[in-house]
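Novice: Quick one: the structure is below, and I'll ask about it shortly.
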Amino acid sequence: MTDTTVKARMTIAERLRVTLEMIKIEHTLFALPFAFLGATLAAREIRAQPVSFWVSKLIWITVAMVGARSAAMTFNRIADRKIDARNPRTATRALASGLLDLRFAWIFTVAASLLFVLASWQLNRLTLILSPVALGSVFLYSYTKRFTALSHLVLGWCLSIAPSGAWIAIKGELNLLPVLLSLAVMLWTAGFDILYACQDLEFDRRHGLLSIPTRFGVRRSILLSRLMHVATIGAMAALWRAADLPPLYLVGVFIVAVLLTYEQSLVSDDDLSQVKRAFDLNGYVGIVYFVVTAVSLYLR
């Protein structure tokens, strides 16, 4: 049975399931807690609101996050499908292997993008105005490794939009506090993405793709990743001072520091076998950081 026959026999529900598996929809958890944290911190800056206000805001922030990430990841798989097909590590991805048809992937990308714009419209006027900037950023990322080794920082920028965007959704404007939180997210993301990119060093060099590892090698790239994670903790500590947060907040920062230290300990220049395990640890970073911060504000 040919790939064309298999795709023709797949129902829409099956194609949707394959797409969600391809983009790893569960990884939305990486940035979603930071969006909620941005909203939580912004809540201190406005007057009391009814419960319906907060329910509506949290629902539409979640919808915006799911829409933006789904559009970004599907577009990334579309843009990289030929590259993925040549890379043994990624050759089994749905588009690269031919399991999923390109037309459905494009339809899904457009639908997810429209969902994000709809959510931005429901949040407030400024989030709607800035929604093209967010979408443009996440789409641009897919091409950055073709012309710059700083693609990791661009990815960090894309995820860092989440807390600032959620802050704007609540307060309607931006100031230093969400910028510090976004800086922490950008450095954290770039740090773990550099580690992840070390797996593809030889492949990327052969195919002319750029990254920190292809530019500096594995050893110095791991050092840069560790420096970025140290700077992440520094940005979180700076937020504690700037936002006058309770001392309990620092417990969350400490736990994040422990998680990142453990993540870094799993990877070395002569052993990259635990990169995926290290990468998966990042799913806990945002959750722990948000929960401890939210509890510290509640107890205060």
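Ordering of the structure tokens sets the chain letters (A, B, ...); residue numbers start at 1 within each chain; ligands are numbered from 1 in the order shown.
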For A:Ala85, list every protein, DNA or RNA residue within 12 Å, evaluated using only C-alpha atoms, and leave out those in the same chain fewer than 2 positions away; present the list as a ChimeraX atom specification.
Specialist: /A:77-83,87-99,203
Novice: Could those selected residues go to a file with C-alpha atoms, as a tab-separated table (two decimals), in the first residue's frame?
Specialist:
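As a result, out38.tsv now contains:
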```tsv
chain	number	residue	atom	x	y	z
A	77	ARG	CA	7.37	20.89	10.31
A	78	ILE	CA	6.19	22.18	6.92
A	79	ALA	CA	9.27	24.36	6.44
A	80	ASP	CA	11.66	21.60	7.58
A	81	ARG	CA	9.97	18.59	6.00
A	82	LYS	CA	12.71	17.99	3.40
A	83	ILE	CA	15.48	18.53	5.94
A	87	ASN	CA	17.97	13.42	9.10
A	88	PRO	CA	17.79	9.90	10.63
A	89	ARG	CA	16.66	11.39	13.96
A	90	THR	CA	13.64	13.14	12.40
A	91	ALA	CA	12.89	11.04	9.31
A	92	THR	CA	9.89	9.38	10.97
A	93	ARG	CA	8.04	12.66	11.57
A	94	ALA	CA	4.62	12.63	9.93
A	95	LEU	CA	5.30	15.11	7.12
A	96	ALA	CA	8.84	13.95	6.49
A	97	SER	CA	7.77	10.31	6.21
A	98	GLY	CA	4.69	11.07	4.11
A	99	LEU	CA	2.23	9.86	6.74
A	203	PHE	CA	24.09	16.60	10.17
```
Novice: Please identify the helix (DSSP H, G or I) residues within stretch 2-232 of chain A (assignment by DSSP from backbone atoms) and present them as JSON, numbers by chain.
Specialist: {"A": [3, 4, 5, 6, 7, 8, 9, 12, 13, 14, 15, 16, 17, 18, 19, 20, 21, 22, 25, 26, 27, 28, 29, 30, 32, 33, 34, 35, 36, 37, 38, 39, 40, 41, 42, 43, 51, 52, 53, 54, 55, 56, 57, 58, 59, 60, 61, 62, 63, 64, 65, 66, 67, 68, 69, 70, 71, 72, 73, 74, 75, 76, 77, 78, 79, 81, 82, 83, 84, 85, 86, 94, 95, 96, 97, 102, 103, 104, 105, 106, 107, 108, 109, 110, 111, 112, 113, 114, 115, 116, 117, 118, 119, 120, 121, 122, 123, 125, 126, 127, 128, 129, 130, 131, 132, 133, 134, 135, 136, 137, 138, 139, 140, 141, 142, 143, 144, 151, 152, 153, 154, 155, 156, 157, 158, 159, 160, 161, 162, 163, 164, 165, 166, 167, 168, 169, 170, 171, 176, 177, 178, 179, 180, 181, 182, 183, 184, 185, 186, 187, 188, 189, 190, 191, 192, 193, 194, 195, 196, 197, 198, 199, 200, 201, 202, 203, 204, 205, 206, 212, 213, 214, 215, 216, 217, 218, 219, 220, 221, 222, 223, 224, 225, 226, 227, 228, 229, 230, 231, 232]}
Novice: Would you write out, as CSV, a table of all residues in stretch 39-116 of chain A that have an atom no more than 7 Å from an atom of stretch 155-172 of chain A, listing for each the closest atom pair and the distance in Å to one decimal, considering only C-alpha atoms and ordering rows by chain and rising residue number?
Specialist:
```
residue,atom,partner,partner_atom,distance
A:Ala39,CA,A:Trp167,CA,4.9
A:Ala42,CA,A:Trp167,CA,5.3
A:Ala43,CA,A:Ile170,CA,6.8
A:Ile46,CA,A:Lys171,CA,6.7
A:Ile61,CA,A:Ala166,CA,6.6
```
Novice: In Å, rounded to a single decimal, give me how far atom CA of A:Tyr262 is from atom CA of A:Leu177.
Specialist: 27.8 Å
Novice: Do you have, as JSON lines, the list of residues of stretch 185-287 of chain A lying at most 8 Å from stretch 131-145 of chain A, each with its nearest atom pair and that distance in Å to one decimal, counting only C-alpha atoms and ordered by chain then number?
Specialist:
```
{"residue": "A:Leu209", "atom": "CA", "partner": "A:Lys145", "partner_atom": "CA", "distance": 5.6}
{"residue": "A:Leu210", "atom": "CA", "partner": "A:Lys145", "partner_atom": "CA", "distance": 4.8}
{"residue": "A:Ser211", "atom": "CA", "partner": "A:Lys145", "partner_atom": "CA", "distance": 6.3}
```
Novice: Calculate how many Å separate atom CA of A:Gly208 from atom CA of A:Arg146, rounding to one decimal.
Specialist: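 Separating atom CA of A:Gly208 from atom CA of A:Arg146 is a distance of 7.4 Å.
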Novice: Do you know which residues are at most 10 Å from A:Met10 counting only C-alpha atoms, after dropping those on the same chain fewer than 5 positions away, and could you put them as an mmCIF file with C-alpha atoms, in the first residue's frame?
Specialist:
```
data_model
loop_
_atom_site.group_PDB
_atom_site.id
_atom_site.type_symbol
_atom_site.label_atom_id
_atom_site.label_comp_id
_atom_site.auth_asym_id
_atom_site.auth_seq_id
_atom_site.Cartn_x
_atom_site.Cartn_y
_atom_site.Cartn_z
ATOM 1 C CA THR A 5 -3.305 5.372 -0.451
ATOM 2 C CA ARG A 15 -5.117 13.274 10.504
ATOM 3 C CA LEU A 16 -5.788 15.624 13.411
ATOM 4 C CA VAL A 18 -1.305 12.544 13.769
ATOM 5 C CA LEU A 99 2.233 9.857 6.740
ATOM 6 C CA LEU A 100 0.504 13.249 6.800
#
```
Novice: Show me, as a ChimeraX atom specification, the residues that have an atom within 10 Å of A:Leu224 when counting only C-alpha atoms, minus same-chain residues fewer than 2 positions from it.
Specialist: /A:190-191,194-195,212-213,216,218-222,226-230
